[in-house]
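> Please find final-v2.cif (mmCIF, N, CA and C atoms) on the next line:
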```
data_target
loop_
_atom_site.group_PDB
_atom_site.id
_atom_site.type_symbol
_atom_site.label_atom_id
_atom_site.label_comp_id
_atom_site.auth_asym_id
_atom_site.auth_seq_id
_atom_site.Cartn_x
_atom_site.Cartn_y
_atom_site.Cartn_z
ATOM 1 N N MET A 794 0.186 15.942 -0.405
ATOM 2 C CA MET A 794 0.056 14.531 -0.085
ATOM 3 C C MET A 794 0.681 13.659 -1.181
ATOM 4 N N ALA A 795 0.636 14.130 -2.429
ATOM 5 C CA ALA A 795 1.193 13.361 -3.540
ATOM 6 C C ALA A 795 2.685 13.113 -3.337
ATOM 7 N N TRP A 796 3.390 14.102 -2.773
ATOM 8 C CA TRP A 796 4.828 13.939 -2.542
ATOM 9 C C TRP A 796 5.097 12.867 -1.492
ATOM 10 N N ILE A 797 4.220 12.744 -0.520
ATOM 11 C CA ILE A 797 4.379 11.695 0.500
ATOM 12 C C ILE A 797 4.172 10.321 -0.141
ATOM 13 N N TYR A 798 3.145 10.208 -0.968
ATOM 14 C CA TYR A 798 2.914 8.949 -1.685
ATOM 15 C C TYR A 798 4.103 8.602 -2.574
ATOM 16 N N LEU A 799 4.654 9.612 -3.231
ATOM 17 C CA LEU A 799 5.784 9.383 -4.114
ATOM 18 C C LEU A 799 7.022 8.937 -3.329
ATOM 19 N N ALA A 800 7.268 9.563 -2.199
ATOM 20 C CA ALA A 800 8.404 9.166 -1.361
ATOM 21 C C ALA A 800 8.223 7.731 -0.856
ATOM 22 N N ALA A 801 7.015 7.402 -0.433
ATOM 23 C CA ALA A 801 6.745 6.034 0.035
ATOM 24 C C ALA A 801 6.920 5.031 -1.104
ATOM 25 N N ALA A 802 6.478 5.390 -2.293
ATOM 26 C CA ALA A 802 6.655 4.511 -3.459
ATOM 27 C C ALA A 802 8.134 4.286 -3.730
ATOM 28 N N GLY A 803 8.935 5.330 -3.594
ATOM 29 C CA GLY A 803 10.381 5.204 -3.787
ATOM 30 C C GLY A 803 11.024 4.310 -2.749
ATOM 31 N N ILE A 804 10.582 4.428 -1.507
ATOM 32 C CA ILE A 804 11.121 3.571 -0.444
ATOM 33 C C ILE A 804 10.767 2.111 -0.708
ATOM 34 N N LEU A 805 9.531 1.865 -1.131
ATOM 35 C CA LEU A 805 9.150 0.489 -1.463
ATOM 36 C C LEU A 805 9.963 -0.037 -2.641
ATOM 37 N N GLU A 806 10.336 0.845 -3.548
ATOM 38 C CA GLU A 806 11.174 0.422 -4.675
ATOM 39 C C GLU A 806 12.536 -0.055 -4.183
ATOM 40 N N ILE A 807 13.085 0.632 -3.201
ATOM 41 C CA ILE A 807 14.362 0.212 -2.612
ATOM 42 C C ILE A 807 14.210 -1.165 -1.974
ATOM 43 N N VAL A 808 13.117 -1.352 -1.236
ATOM 44 C CA VAL A 808 12.875 -2.643 -0.571
ATOM 45 C C VAL A 808 12.754 -3.765 -1.594
ATOM 46 N N TRP A 809 11.997 -3.530 -2.669
ATOM 47 C CA TRP A 809 11.836 -4.627 -3.630
ATOM 48 C C TRP A 809 13.116 -4.899 -4.392
ATOM 49 N N ALA A 810 13.911 -3.886 -4.635
ATOM 50 C CA ALA A 810 15.184 -4.126 -5.318
ATOM 51 C C ALA A 810 16.100 -4.988 -4.449
ATOM 52 N N TYR A 811 16.163 -4.661 -3.162
ATOM 53 C CA TYR A 811 16.993 -5.438 -2.235
ATOM 54 C C TYR A 811 16.465 -6.867 -2.112
ATOM 55 N N SER A 812 15.149 -7.010 -1.953
ATOM 56 C CA SER A 812 14.601 -8.365 -1.797
ATOM 57 C C SER A 812 14.743 -9.172 -3.083
ATOM 58 N N MET A 813 14.728 -8.498 -4.232
ATOM 59 C CA MET A 813 14.963 -9.215 -5.484
ATOM 60 C C MET A 813 16.380 -9.781 -5.511
ATOM 61 N N LYS A 814 17.332 -8.991 -5.054
ATOM 62 C CA LYS A 814 18.716 -9.469 -4.974
ATOM 63 C C LYS A 814 18.789 -10.685 -4.049
ATOM 64 N N GLN A 815 18.082 -10.610 -2.926
ATOM 65 C CA GLN A 815 18.085 -11.704 -1.957
ATOM 66 C C GLN A 815 17.352 -12.949 -2.462
ATOM 67 N N SER A 816 16.476 -12.776 -3.436
ATOM 68 C CA SER A 816 15.691 -13.917 -3.936
ATOM 69 C C SER A 816 16.512 -14.859 -4.808
ATOM 70 N N GLU A 817 17.707 -14.411 -5.204
ATOM 71 C CA GLU A 817 18.593 -15.224 -6.049
ATOM 72 C C GLU A 817 17.853 -15.749 -7.276
ATOM 73 N N GLY A 818 17.364 -14.790 -8.061
ATOM 74 C CA GLY A 818 16.669 -15.156 -9.300
ATOM 75 C C GLY A 818 15.304 -15.771 -9.057
ATOM 76 N N PHE A 819 14.625 -15.324 -8.025
ATOM 77 C CA PHE A 819 13.307 -15.816 -7.637
ATOM 78 C C PHE A 819 13.319 -17.305 -7.289
ATOM 79 N N THR A 820 14.435 -17.777 -6.735
ATOM 80 C CA THR A 820 14.516 -19.174 -6.302
ATOM 81 C C THR A 820 14.221 -19.327 -4.811
ATOM 82 N N LYS A 821 14.186 -18.239 -4.070
ATOM 83 C CA LYS A 821 13.864 -18.275 -2.643
ATOM 84 C C LYS A 821 12.470 -17.679 -2.451
ATOM 85 N N PRO A 822 11.542 -18.444 -1.844
ATOM 86 C CA PRO A 822 10.147 -18.009 -1.782
ATOM 87 C C PRO A 822 9.892 -16.728 -0.964
ATOM 88 N N VAL A 823 10.509 -16.582 0.199
ATOM 89 C CA VAL A 823 10.198 -15.421 1.038
ATOM 90 C C VAL A 823 10.662 -14.116 0.385
ATOM 91 N N PRO A 824 11.944 -13.993 -0.013
ATOM 92 C CA PRO A 824 12.321 -12.736 -0.666
ATOM 93 C C PRO A 824 11.608 -12.521 -1.997
ATOM 94 N N SER A 825 11.248 -13.604 -2.684
ATOM 95 C CA SER A 825 10.504 -13.467 -3.939
ATOM 96 C C SER A 825 9.123 -12.879 -3.682
ATOM 97 N N THR A 826 8.468 -13.354 -2.633
ATOM 98 C CA THR A 826 7.145 -12.841 -2.269
ATOM 99 C C THR A 826 7.230 -11.380 -1.843
ATOM 100 N N ILE A 827 8.227 -11.057 -1.030
ATOM 101 C CA ILE A 827 8.424 -9.665 -0.607
ATOM 102 C C ILE A 827 8.619 -8.771 -1.828
ATOM 103 N N THR A 828 9.403 -9.241 -2.790
ATOM 104 C CA THR A 828 9.647 -8.467 -4.008
ATOM 105 C C THR A 828 8.346 -8.139 -4.721
ATOM 106 N N VAL A 829 7.533 -9.137 -4.943
ATOM 107 C CA VAL A 829 6.286 -8.945 -5.700
ATOM 108 C C VAL A 829 5.322 -8.023 -4.940
ATOM 109 N N VAL A 830 5.202 -8.227 -3.636
ATOM 110 C CA VAL A 830 4.290 -7.398 -2.834
ATOM 111 C C VAL A 830 4.767 -5.947 -2.798
ATOM 112 N N MET A 831 6.055 -5.748 -2.610
ATOM 113 C CA MET A 831 6.600 -4.389 -2.559
ATOM 114 C C MET A 831 6.510 -3.702 -3.923
ATOM 115 N N MET A 832 6.696 -4.470 -5.003
ATOM 116 C CA MET A 832 6.528 -3.901 -6.347
ATOM 117 C C MET A 832 5.101 -3.404 -6.530
ATOM 118 N N ALA A 833 4.145 -4.231 -6.151
ATOM 119 C CA ALA A 833 2.733 -3.843 -6.297
ATOM 120 C C ALA A 833 2.432 -2.595 -5.475
ATOM 121 N N GLY A 834 2.927 -2.560 -4.248
ATOM 122 C CA GLY A 834 2.706 -1.388 -3.405
ATOM 123 C C GLY A 834 3.363 -0.142 -3.979
ATOM 124 N N SER A 835 4.572 -0.303 -4.478
ATOM 125 C CA SER A 835 5.290 0.824 -5.063
ATOM 126 C C SER A 835 4.556 1.383 -6.276
ATOM 127 N N PHE A 836 4.111 0.496 -7.156
ATOM 128 C CA PHE A 836 3.370 0.932 -8.341
ATOM 129 C C PHE A 836 2.050 1.588 -7.951
ATOM 130 N N ALA A 837 1.373 1.034 -6.950
ATOM 131 C CA ALA A 837 0.094 1.605 -6.519
ATOM 132 C C ALA A 837 0.289 3.023 -5.978
ATOM 133 N N LEU A 838 1.297 3.207 -5.131
ATOM 134 C CA LEU A 838 1.552 4.536 -4.582
ATOM 135 C C LEU A 838 1.998 5.514 -5.670
ATOM 136 N N LEU A 839 2.810 5.037 -6.603
ATOM 137 C CA LEU A 839 3.224 5.883 -7.718
ATOM 138 C C LEU A 839 2.011 6.330 -8.526
ATOM 139 N N SER A 840 1.088 5.428 -8.766
ATOM 140 C CA SER A 840 -0.092 5.784 -9.556
ATOM 141 C C SER A 840 -0.952 6.826 -8.844
ATOM 142 N N VAL A 841 -1.037 6.735 -7.520
ATOM 143 C CA VAL A 841 -1.791 7.735 -6.763
ATOM 144 C C VAL A 841 -1.089 9.095 -6.851
ATOM 145 N N ALA A 842 0.235 9.097 -6.712
ATOM 146 C CA ALA A 842 0.993 10.352 -6.808
ATOM 147 C C ALA A 842 0.836 10.983 -8.189
ATOM 148 N N MET A 843 0.755 10.129 -9.223
ATOM 149 C CA MET A 843 0.640 10.639 -10.592
ATOM 150 C C MET A 843 -0.714 11.271 -10.898
ATOM 151 N N LYS A 844 -1.669 11.112 -9.997
ATOM 152 C CA LYS A 844 -2.958 11.783 -10.213
ATOM 153 C C LYS A 844 -2.792 13.296 -10.204
ATOM 154 N N THR A 845 -1.825 13.795 -9.431
ATOM 155 C CA THR A 845 -1.650 15.249 -9.348
ATOM 156 C C THR A 845 -0.276 15.728 -9.810
ATOM 157 N N LEU A 846 0.726 14.890 -9.742
ATOM 158 C CA LEU A 846 2.067 15.305 -10.166
ATOM 159 C C LEU A 846 2.262 15.027 -11.653
ATOM 160 N N PRO A 847 3.064 15.838 -12.320
ATOM 161 C CA PRO A 847 3.356 15.569 -13.731
ATOM 162 C C PRO A 847 4.084 14.229 -13.897
ATOM 163 N N LEU A 848 3.821 13.561 -14.991
ATOM 164 C CA LEU A 848 4.424 12.257 -15.276
ATOM 165 C C LEU A 848 5.949 12.299 -15.164
ATOM 166 N N GLY A 849 6.568 13.244 -15.856
ATOM 167 C CA GLY A 849 8.029 13.317 -15.863
ATOM 168 C C GLY A 849 8.616 13.507 -14.482
ATOM 169 N N THR A 850 7.984 14.338 -13.685
ATOM 170 C CA THR A 850 8.455 14.583 -12.328
ATOM 171 C C THR A 850 8.294 13.340 -11.465
ATOM 172 N N ALA A 851 7.090 12.789 -11.458
ATOM 173 C CA ALA A 851 6.811 11.632 -10.598
ATOM 174 C C ALA A 851 7.713 10.450 -10.952
ATOM 175 N N TYR A 852 7.802 10.138 -12.223
ATOM 176 C CA TYR A 852 8.583 8.972 -12.626
ATOM 177 C C TYR A 852 10.072 9.184 -12.373
ATOM 178 N N THR A 853 10.565 10.375 -12.666
ATOM 179 C CA THR A 853 11.981 10.662 -12.451
ATOM 180 C C THR A 853 12.345 10.561 -10.976
ATOM 181 N N ILE A 854 11.535 11.134 -10.122
ATOM 182 C CA ILE A 854 11.838 11.105 -8.693
ATOM 183 C C ILE A 854 11.686 9.699 -8.138
ATOM 184 N N TRP A 855 10.684 8.974 -8.583
ATOM 185 C CA TRP A 855 10.492 7.589 -8.127
ATOM 186 C C TRP A 855 11.701 6.717 -8.483
ATOM 187 N N THR A 856 12.134 6.799 -9.727
ATOM 188 C CA THR A 856 13.285 5.985 -10.121
ATOM 189 C C THR A 856 14.564 6.473 -9.456
ATOM 190 N N GLY A 857 14.671 7.778 -9.246
ATOM 191 C CA GLY A 857 15.863 8.322 -8.593
ATOM 192 C C GLY A 857 15.980 7.882 -7.151
ATOM 193 N N ILE A 858 14.861 7.914 -6.426
ATOM 194 C CA ILE A 858 14.868 7.425 -5.041
ATOM 195 C C ILE A 858 15.289 5.965 -5.023
ATOM 196 N N GLY A 859 14.736 5.183 -5.927
ATOM 197 C CA GLY A 859 15.091 3.766 -5.994
ATOM 198 C C GLY A 859 16.547 3.545 -6.340
ATOM 199 N N ALA A 860 17.053 4.304 -7.299
ATOM 200 C CA ALA A 860 18.440 4.129 -7.741
ATOM 201 C C ALA A 860 19.430 4.510 -6.640
ATOM 202 N N VAL A 861 19.246 5.678 -6.059
ATOM 203 C CA VAL A 861 20.172 6.122 -5.013
ATOM 204 C C VAL A 861 20.000 5.275 -3.755
ATOM 205 N N GLY A 862 18.763 4.937 -3.436
ATOM 206 C CA GLY A 862 18.515 4.087 -2.265
ATOM 207 C C GLY A 862 19.138 2.709 -2.422
ATOM 208 N N ALA A 863 18.986 2.113 -3.598
ATOM 209 C CA ALA A 863 19.590 0.799 -3.849
ATOM 210 C C ALA A 863 21.109 0.889 -3.814
ATOM 211 N N PHE A 864 21.654 1.977 -4.320
ATOM 212 C CA PHE A 864 23.099 2.217 -4.256
ATOM 213 C C PHE A 864 23.563 2.242 -2.792
ATOM 214 N N LEU A 865 22.834 2.974 -1.947
ATOM 215 C CA LEU A 865 23.213 3.064 -0.531
ATOM 216 C C LEU A 865 23.048 1.731 0.195
ATOM 217 N N VAL A 866 21.971 1.015 -0.091
ATOM 218 C CA VAL A 866 21.775 -0.309 0.517
ATOM 219 C C VAL A 866 22.889 -1.254 0.071
ATOM 220 N N GLY A 867 23.254 -1.173 -1.192
ATOM 221 C CA GLY A 867 24.354 -2.004 -1.692
ATOM 222 C C GLY A 867 25.632 -1.770 -0.925
ATOM 223 N N ILE A 868 25.916 -0.515 -0.648
ATOM 224 C CA ILE A 868 27.137 -0.178 0.093
ATOM 225 C C ILE A 868 27.016 -0.584 1.558
ATOM 226 N N MET A 869 25.929 -0.167 2.209
ATOM 227 C CA MET A 869 25.800 -0.339 3.657
ATOM 228 C C MET A 869 25.461 -1.765 4.085
ATOM 229 N N VAL A 870 24.672 -2.464 3.274
ATOM 230 C CA VAL A 870 24.206 -3.797 3.673
ATOM 231 C C VAL A 870 24.969 -4.902 2.953
ATOM 232 N N LEU A 871 25.238 -4.712 1.679
ATOM 233 C CA LEU A 871 25.851 -5.774 0.883
ATOM 234 C C LEU A 871 27.358 -5.628 0.722
ATOM 235 N N GLY A 872 27.925 -4.546 1.240
ATOM 236 C CA GLY A 872 29.368 -4.359 1.173
ATOM 237 C C GLY A 872 29.899 -4.067 -0.216
ATOM 238 N N GLU A 873 29.074 -3.445 -1.052
ATOM 239 C CA GLU A 873 29.527 -3.109 -2.401
ATOM 240 C C GLU A 873 30.554 -1.975 -2.357
ATOM 241 N N ALA A 874 31.305 -1.853 -3.417
ATOM 242 C CA ALA A 874 32.413 -0.895 -3.480
ATOM 243 C C ALA A 874 31.934 0.553 -3.422
ATOM 244 N N VAL A 875 32.713 1.360 -2.709
ATOM 245 C CA VAL A 875 32.508 2.807 -2.681
ATOM 246 C C VAL A 875 33.674 3.421 -3.444
ATOM 247 N N THR A 876 33.375 3.951 -4.616
ATOM 248 C CA THR A 876 34.421 4.592 -5.410
ATOM 249 C C THR A 876 34.015 6.035 -5.668
ATOM 250 N N VAL A 877 34.985 6.838 -6.003
ATOM 251 C CA VAL A 877 34.713 8.240 -6.300
ATOM 252 C C VAL A 877 33.714 8.353 -7.444
ATOM 253 N N MET A 878 33.881 7.560 -8.462
ATOM 254 C CA MET A 878 33.003 7.624 -9.635
ATOM 255 C C MET A 878 31.563 7.245 -9.257
ATOM 256 N N ARG A 879 31.382 6.208 -8.452
ATOM 257 C CA ARG A 879 30.029 5.795 -8.056
ATOM 258 C C ARG A 879 29.366 6.850 -7.182
ATOM 259 N N VAL A 880 30.124 7.429 -6.254
ATOM 260 C CA VAL A 880 29.575 8.470 -5.384
ATOM 261 C C VAL A 880 29.236 9.710 -6.212
ATOM 262 N N ALA A 881 30.090 10.070 -7.151
ATOM 263 C CA ALA A 881 29.812 11.214 -8.019
ATOM 264 C C ALA A 881 28.548 10.974 -8.847
ATOM 265 N N ALA A 882 28.387 9.765 -9.345
ATOM 266 C CA ALA A 882 27.191 9.435 -10.123
ATOM 267 C C ALA A 882 25.933 9.570 -9.265
ATOM 268 N N ALA A 883 25.985 9.069 -8.037
ATOM 269 C CA ALA A 883 24.842 9.182 -7.126
ATOM 270 C C ALA A 883 24.558 10.646 -6.800
ATOM 271 N N ALA A 884 25.610 11.428 -6.609
ATOM 272 C CA ALA A 884 25.433 12.857 -6.324
ATOM 273 C C ALA A 884 24.769 13.572 -7.497
ATOM 274 N N LEU A 885 25.126 13.197 -8.709
ATOM 275 C CA LEU A 885 24.489 13.795 -9.884
ATOM 276 C C LEU A 885 23.008 13.427 -9.951
ATOM 277 N N ILE A 886 22.685 12.192 -9.602
ATOM 278 C CA ILE A 886 21.280 11.778 -9.588
ATOM 279 C C ILE A 886 20.510 12.607 -8.565
ATOM 280 N N VAL A 887 21.070 12.740 -7.360
ATOM 281 C CA VAL A 887 20.406 13.518 -6.307
ATOM 282 C C VAL A 887 20.233 14.972 -6.752
ATOM 283 N N SER A 888 21.242 15.556 -7.367
ATOM 284 C CA SER A 888 21.107 16.947 -7.818
ATOM 285 C C SER A 888 20.015 17.062 -8.881
ATOM 286 N N GLY A 889 19.910 16.080 -9.746
ATOM 287 C CA GLY A 889 18.836 16.075 -10.736
ATOM 288 C C GLY A 889 17.467 15.966 -10.088
ATOM 289 N N LEU A 890 17.362 15.164 -9.042
ATOM 290 C CA LEU A 890 16.089 15.022 -8.328
ATOM 291 C C LEU A 890 15.694 16.341 -7.662
ATOM 292 N N VAL A 891 16.668 17.002 -7.052
ATOM 293 C CA VAL A 891 16.393 18.294 -6.411
ATOM 294 C C VAL A 891 15.920 19.303 -7.461
ATOM 295 N N MET A 892 16.608 19.340 -8.581
ATOM 296 C CA MET A 892 16.216 20.270 -9.650
ATOM 297 C C MET A 892 14.816 19.954 -10.170
ATOM 298 N N MET A 893 14.499 18.670 -10.308
ATOM 299 C CA MET A 893 13.170 18.280 -10.779
ATOM 300 C C MET A 893 12.101 18.721 -9.778
ATOM 301 N N LYS A 894 12.358 18.497 -8.506
ATOM 302 C CA LYS A 894 11.400 18.911 -7.465
ATOM 303 C C LYS A 894 11.209 20.420 -7.482
ATOM 304 N N LEU A 895 12.299 21.158 -7.549
ATOM 305 C CA LEU A 895 12.218 22.622 -7.521
ATOM 306 C C LEU A 895 11.545 23.195 -8.770
ATOM 307 N N SER A 896 11.553 22.452 -9.851
ATOM 308 C CA SER A 896 10.958 22.947 -11.089
ATOM 309 C C SER A 896 9.489 22.567 -11.235
ATOM 310 N N THR A 897 8.947 21.851 -10.266
ATOM 311 C CA THR A 897 7.574 21.383 -10.340
ATOM 312 C C THR A 897 6.686 22.211 -9.424
ATOM 313 N N PRO A 898 5.646 22.841 -9.969
ATOM 314 C CA PRO A 898 4.801 23.710 -9.149
ATOM 315 C C PRO A 898 3.906 22.972 -8.159
ATOM 316 N N ALA A 899 3.583 21.720 -8.407
ATOM 317 C CA ALA A 899 2.621 20.990 -7.558
ATOM 318 C C ALA A 899 3.141 20.690 -6.187
#
```
Since I need it in another form, could you write the structure as structure tokens?

Amino acid sequence: MAWIYLAAAGILEIVWAYSMKQSEGFTKPVPSTITVVMMAGSFALLSVAMKTLPLGTAYTIWTGIGAVGAFLVGIMVLGEAVTVMRVAAAALIVSGLVMMKLSTPA
């Protein structure tokens, strides 16, 4: 169950990162509110996952989901550049996440 909480926390991290971008420096009330609520939810789910998962594993996977997810949202929704170097960097992050998951007994 901890892995489900961790995955949900990572998804909420993607949502808050996107809504933060949309808030334009917290000058727009709706995306600013979404950002704060999603941050709180993400942290809450991460804390529940950390009850059973090791700190290094939970935090690494949470930030990795957020980083790769935000990268994909940037490309698909915001029209950000797709370059070989950026895709390679994302692939390295994903490979690190897989290795972290496989190395964790929980």
> Would you compute the distance between atom N of A:Lys894 and atom C of A:Val880? Give it in Å to one decimal.
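It comes out at 19.2 Å.
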> Which residue is closest to A:Ala842? Choose from A:Val861, A:Ile804, A:Ala795, A:Ile827 and count only N, CA and C atoms.
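With only N, CA and C atoms as the atom set, the closest residue is A:Ala795.
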> At a cut-off of 8 Å, using only C-alpha atoms, what residues contact A:Ile854? Leave out same-chain residues fewer than 5 positions from it and give the result as a list in words.
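Counting only the stated atoms, we get Leu799, Gly803, Leu890, Met893 and Lys894 of chain A.
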> As an exercise, work out the distance from atom C of A:Arg879 to atom C of A:Tyr852 in Å and give it to one decimal place.
20.1 Å
> Any idea what the distance is between atom C of A:Glu806 and atom CA of A:Gly859?
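If I compute the distance from atom C of A:Glu806 to atom CA of A:Gly859, I get 4.9 Å.
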> Quick one: pick out all helix (DSSP H, G or I) residues within chain A from a backbone DSSP run and write them as an MDAnalysis selection string.
chainID A and resid 795:815 822:842 848:869 877:895
> With only N, CA and C atoms as the atoms that count, which of A:Gly889, A:Val829, A:Ile868, A:Lys821 lies nearest to A:Thr853?
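Checking each candidate against A:Thr853, we get A:Gly889 as the closest.
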> On this structure, the PyMOL selection byres ((chain A and resi 862-864) around 8) would catch which residues? List them as a list in words, sorted by chain and number.
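After applying the PyMOL selection byres ((chain A and resi 862-864) around 8), what remains is Gly803, Ile804, Glu806, Ile807, Val808, Ala810, Tyr811, Thr856, Gly857, Ile858, Gly859, Ala860, Val861, Leu865, Val866, Gly867, Ile868, Met869, Val870 and Ala883 of chain A.
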> Taking 5 positions as the minimum chain separation for residues in the same chain, which residues sit within 12 Å of A:Met794 when counting only C-alpha atoms? Answer as a PyMOL selection string.
chain A and resi 799-801+838-839+841-846+899
> A:Met813: which residues within 6.5 Å, counting all atoms listed in the file, same-chain residues fewer than 4 positions away excluded, as an MDAnalysis selection string?
chainID A and resid 808:809 817:819 824:825 828
> Box for stretch 814-831 of chain A: with edges along x, y and z, all listed atoms inside and 5 Å added on each side, what are the centre and edge lengths in Å to one decimal, as lines of an AutoDock Vina configuration file?

```
center_x = 11.5
center_y = -11.5
center_z = -4.1
size_x = 24.5
size_y = 25.6
size_z = 20.3
```
> Should you be able to, write stretch 839-850 of chain A of this structure into a file that contains N, CA, C and O atoms, as a PDB file, in the first residue's frame.

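Output contents, as saved in out.pdb:
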```pdb
ATOM      1  N   LEU A 839       3.212  11.356   0.964  1.00  0.00           N
ATOM      2  CA  LEU A 839       4.615  10.980   1.111  1.00  0.00           C
ATOM      3  C   LEU A 839       4.908  10.570   2.550  1.00  0.00           C
ATOM      4  O   LEU A 839       5.584   9.568   2.795  1.00  0.00           O
ATOM      5  N   SER A 840       4.380  11.307   3.500  1.00  0.00           N
ATOM      6  CA  SER A 840       4.642  10.984   4.903  1.00  0.00           C
ATOM      7  C   SER A 840       4.047   9.631   5.289  1.00  0.00           C
ATOM      8  O   SER A 840       4.656   8.878   6.054  1.00  0.00           O
ATOM      9  N   VAL A 841       2.885   9.303   4.733  1.00  0.00           N
ATOM     10  CA  VAL A 841       2.285   7.996   5.005  1.00  0.00           C
ATOM     11  C   VAL A 841       3.150   6.887   4.393  1.00  0.00           C
ATOM     12  O   VAL A 841       3.401   5.862   5.028  1.00  0.00           O
ATOM     13  N   ALA A 842       3.616   7.099   3.164  1.00  0.00           N
ATOM     14  CA  ALA A 842       4.474   6.102   2.510  1.00  0.00           C
ATOM     15  C   ALA A 842       5.769   5.896   3.290  1.00  0.00           C
ATOM     16  O   ALA A 842       6.283   4.779   3.377  1.00  0.00           O
ATOM     17  N   MET A 843       6.283   6.988   3.880  1.00  0.00           N
ATOM     18  CA  MET A 843       7.545   6.901   4.622  1.00  0.00           C
ATOM     19  C   MET A 843       7.428   6.140   5.940  1.00  0.00           C
ATOM     20  O   MET A 843       8.441   5.824   6.558  1.00  0.00           O
ATOM     21  N   LYS A 844       6.209   5.834   6.351  1.00  0.00           N
ATOM     22  CA  LYS A 844       6.061   5.023   7.567  1.00  0.00           C
ATOM     23  C   LYS A 844       6.664   3.640   7.375  1.00  0.00           C
ATOM     24  O   LYS A 844       7.159   3.046   8.332  1.00  0.00           O
ATOM     25  N   THR A 845       6.627   3.128   6.142  1.00  0.00           N
ATOM     26  CA  THR A 845       7.152   1.778   5.909  1.00  0.00           C
ATOM     27  C   THR A 845       8.307   1.734   4.911  1.00  0.00           C
ATOM     28  O   THR A 845       9.111   0.812   4.969  1.00  0.00           O
ATOM     29  N   LEU A 846       8.392   2.691   4.022  1.00  0.00           N
ATOM     30  CA  LEU A 846       9.478   2.689   3.037  1.00  0.00           C
ATOM     31  C   LEU A 846      10.691   3.432   3.584  1.00  0.00           C
ATOM     32  O   LEU A 846      10.542   4.396   4.343  1.00  0.00           O
ATOM     33  N   PRO A 847      11.882   3.030   3.177  1.00  0.00           N
ATOM     34  CA  PRO A 847      13.080   3.761   3.603  1.00  0.00           C
ATOM     35  C   PRO A 847      13.059   5.203   3.080  1.00  0.00           C
ATOM     36  O   PRO A 847      12.543   5.472   1.983  1.00  0.00           O
ATOM     37  N   LEU A 848      13.609   6.103   3.853  1.00  0.00           N
ATOM     38  CA  LEU A 848      13.646   7.525   3.497  1.00  0.00           C
ATOM     39  C   LEU A 848      14.237   7.746   2.104  1.00  0.00           C
ATOM     40  O   LEU A 848      13.637   8.429   1.269  1.00  0.00           O
ATOM     41  N   GLY A 849      15.416   7.189   1.865  1.00  0.00           N
ATOM     42  CA  GLY A 849      16.088   7.406   0.584  1.00  0.00           C
ATOM     43  C   GLY A 849      15.273   6.928  -0.597  1.00  0.00           C
ATOM     44  O   GLY A 849      15.199   7.596  -1.632  1.00  0.00           O
ATOM     45  N   THR A 850      14.633   5.790  -0.447  1.00  0.00           N
ATOM     46  CA  THR A 850      13.807   5.245  -1.516  1.00  0.00           C
ATOM     47  C   THR A 850      12.582   6.117  -1.753  1.00  0.00           C
ATOM     48  O   THR A 850      12.290   6.508  -2.884  1.00  0.00           O
TER      49      THR A 850
END
```
